[in-house]
Each structure stands twice: as C-alpha cells, then as structure tokens.
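Reviewing the structure listed below.
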Amino acid sequence: EYLKILKFSAENLLVLINDILDFNKIEAGKITFEEVDFSLRDLLVNIRSALLQKASDKGILLKLMMDDDLPDAVKGDSVRIGQILTNLVSNAVKFTDYGRVTISASILKKDDETTTVTFEVKDTGIGIPQEKWDSIFESFTQASSETTRKYGGTGLGLTITKRLLELQGSKIQLESTPGEGSTFYF
C-alpha cells in the first residue's frame with residue numbers, strides 16, 4: 001500500500017515538473033517541432049493503451065474511433081501530438097466518473113500532398129460552464145476551486161495544449177454542458 005502511494009506521488013510530481021518545464025520552454029520561445037514520418041494509428045492506439053487502466057479503474061469506457069482511410073504514415077511531431085492528445089484524454093478520464101471517453105481521428109480534407117486530420121476527445125464527465133471556457137486555457141487555472149480540490153492538477157495542461165497547437169497552426173475548440181460532458185477538438 002505504501003509503495004502504491006509512493007508511486008502515485010512520484011508520478012504526480014513528474015507530471016508537475018514536466019508541465020512547468022514545457023510551459024517555460026513555450027514562454028521562452030525555445031520549443032521546436034520535428035517533422036518526421038510516423039504512424040498516426042499506432043500513436044492513437046498507444047495513447048489509448050497507456051490510459052486504459054486508469055479508465056478501467058474508474059469503471060468508464062475508453063473508446064478509439066479512426067477513419068478507415070487515415071493515411072498509414074503522416075509527417076509531423078509525434079511527441080507533441082502525443083502530448084496534446086494524452087493531456088486531453090487524461091483530463092477527460094480524470095473528470096469523468098461514469099460513462100465513456102471517446103478519442104476520434106477523422107479526415108477533414110485530403111489532397112495529393114496534405115491530409116488535415118480532426119482530433120476529438122469527448123467525455124461524459126462533469127462538463128464546464130460556458131463562462132469558464134476561456135479561462136480554463138489560462139495558466140494555473142481550473143474551472144473552479146472545488147475542481148482543484150477534488151481532482152488535483154496544476155492548471156497548466158490546457159495552457160500547454162493550447163500553445164502547442166497554436167505554434168503548429170491549429171486551434172483548440174471546446175463544446176461542453178455542465179453535468180453532461182465536454183468535447184475538445186482540433
């Protein structure tokens with residue numbers, strides 16, 4: 001039991017340190033993005049696998065839906081895309097007490113040289129009041145102090161996610177209804 005508590009504490013501390021380091025890199029303009037070929041399908045499967053136990057422990061489903069015609073390989077920064085999706089899925093699992101979290105990837109448009117993919121993370125969690133939609137993307141901010149007490153976290157995850165997407169020419173969007181869930185997409 002003590003080892004479980006120690007492991008949990010160490011993992012939380014590591015997340016906190018990494019969030020602060022990433023936040024500082026972004027603010028200092030020192031973040032760089034790779035352009036490498038990678039399997040989007042493998043990335044999504046791995047993200048789901050990494051968070052499946054946490055979802056199972058809470059008794060919620062963690063679904064993955066991908067367009068059949070997603071390309072086998074795409075070019076981009078798999079680490080940063082993985083970081084963005086992991087943050088969104090981890091938040092969705094954290095704030096969902098029953099129901100499901102669904103990760104989706106679908107083709108928005110495709111031509112001979114480029115494919116634009118829409119990613120979506122949808123949950124049946126606590127939801128976010130519309131008047132808080134903008135503020136949750138600010139540094140060290142969560143929807144309410146009650147949320148911080150009950151669920152923990154630094155309030156940096158969505159700030160980092162938003163900035164990483166903006167630096168790559170994308171934008172995070174949100175739809176949410178309190179008590180029904182949230183959908184984050186980009």
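Identifiers in the structure tokens: chain A, B, ... in order shown; residue index from 1 per chain; ligand index from 1 in order shown.
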
Exercise: Leu164 of chain A partners within 12 Å, only C-alpha atoms, chain neighbours under 5 positions left out, as JSON, numbers by chain: {"A": [22, 23, 25, 26, 27, 29, 30, 31, 32, 33, 77, 79, 80, 81, 82, 83, 84, 85, 87, 137, 157, 158, 159, 169, 170, 171, 172, 186]}

Residues within 10 Å of Leu88 of chain A, only C-alpha atoms, excluding chain neighbours under 6 positions, as a VMD selection string: chain A and resid 82 94 103 120 to 122 157 to 158 161 183 to 185

Mind checking DSSP for segment 37-98 of chain A and telling me the strand (DSSP E) residues as a PDB file with N, CA, C and O atoms, in the first residue's frame?
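In the end it all went to out_30.pdb:
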ATOM      1  N   ASP A  37       8.240  11.195 -40.216  1.00  0.00           N
ATOM      2  CA  ASP A  37       7.160  10.279 -40.556  1.00  0.00           C
ATOM      3  C   ASP A  37       6.821   9.432 -39.340  1.00  0.00           C
ATOM      4  O   ASP A  37       7.714   8.972 -38.627  1.00  0.00           O
ATOM      5  N   PHE A  38       5.523   9.246 -39.095  1.00  0.00           N
ATOM      6  CA  PHE A  38       5.092   8.368 -38.007  1.00  0.00           C
ATOM      7  C   PHE A  38       3.706   7.821 -38.313  1.00  0.00           C
ATOM      8  O   PHE A  38       2.986   8.350 -39.167  1.00  0.00           O
ATOM      9  N   LEU A  61     -15.571   3.519 -19.955  1.00  0.00           N
ATOM     10  CA  LEU A  61     -15.058   3.008 -21.223  1.00  0.00           C
ATOM     11  C   LEU A  61     -14.102   4.022 -21.836  1.00  0.00           C
ATOM     12  O   LEU A  61     -14.319   5.228 -21.716  1.00  0.00           O
ATOM     13  N   LEU A  62     -13.083   3.533 -22.523  1.00  0.00           N
ATOM     14  CA  LEU A  62     -12.168   4.396 -23.271  1.00  0.00           C
ATOM     15  C   LEU A  62     -12.147   3.875 -24.703  1.00  0.00           C
ATOM     16  O   LEU A  62     -11.548   2.847 -25.002  1.00  0.00           O
ATOM     17  N   LYS A  63     -12.883   4.577 -25.562  1.00  0.00           N
ATOM     18  CA  LYS A  63     -13.064   4.133 -26.942  1.00  0.00           C
ATOM     19  C   LYS A  63     -12.142   4.894 -27.881  1.00  0.00           C
ATOM     20  O   LYS A  63     -11.808   6.050 -27.626  1.00  0.00           O
ATOM     21  N   LEU A  64     -11.779   4.238 -28.975  1.00  0.00           N
ATOM     22  CA  LEU A  64     -10.963   4.847 -30.018  1.00  0.00           C
ATOM     23  C   LEU A  64     -11.662   4.634 -31.344  1.00  0.00           C
ATOM     24  O   LEU A  64     -11.992   3.505 -31.710  1.00  0.00           O
ATOM     25  N   MET A  65     -11.899   5.741 -32.058  1.00  0.00           N
ATOM     26  CA  MET A  65     -12.540   5.674 -33.374  1.00  0.00           C
ATOM     27  C   MET A  65     -11.654   6.394 -34.382  1.00  0.00           C
ATOM     28  O   MET A  65     -11.280   7.549 -34.162  1.00  0.00           O
ATOM     29  N   MET A  66     -11.311   5.683 -35.479  1.00  0.00           N
ATOM     30  CA  MET A  66     -10.458   6.266 -36.520  1.00  0.00           C
ATOM     31  C   MET A  66     -11.091   6.034 -37.877  1.00  0.00           C
ATOM     32  O   MET A  66     -11.627   4.955 -38.134  1.00  0.00           O
ATOM     33  N   VAL A  74       2.092   9.768 -41.529  1.00  0.00           N
ATOM     34  CA  VAL A  74       1.962  11.213 -41.667  1.00  0.00           C
ATOM     35  C   VAL A  74       3.287  11.840 -41.253  1.00  0.00           C
ATOM     36  O   VAL A  74       4.127  11.195 -40.630  1.00  0.00           O
ATOM     37  N   LYS A  75       3.480  13.100 -41.594  1.00  0.00           N
ATOM     38  CA  LYS A  75       4.695  13.814 -41.218  1.00  0.00           C
ATOM     39  C   LYS A  75       4.326  14.884 -40.205  1.00  0.00           C
ATOM     40  O   LYS A  75       3.384  15.650 -40.399  1.00  0.00           O
ATOM     41  N   GLY A  76       5.072  14.926 -39.108  1.00  0.00           N
ATOM     42  CA  GLY A  76       4.825  15.906 -38.067  1.00  0.00           C
ATOM     43  C   GLY A  76       5.622  15.561 -36.831  1.00  0.00           C
ATOM     44  O   GLY A  76       6.555  14.757 -36.877  1.00  0.00           O
TER      45      GLY A  76
END

Taking the backbone alone, and naming residues the way the document does, which bits of chain A are alpha helix (DSSP H) by DSSP, as a PyMOL selection string? chain A and resi 2-27+40-58+78-94+145-151+157-167

My list of candidates is A:Thr96, A:Ser176, A:Thr102, A:Ser135. Which is closest to Leu156 of chain A when distances are computed with only C-alpha atoms?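 So, comparing all the options, the nearest one is A:Ser135.
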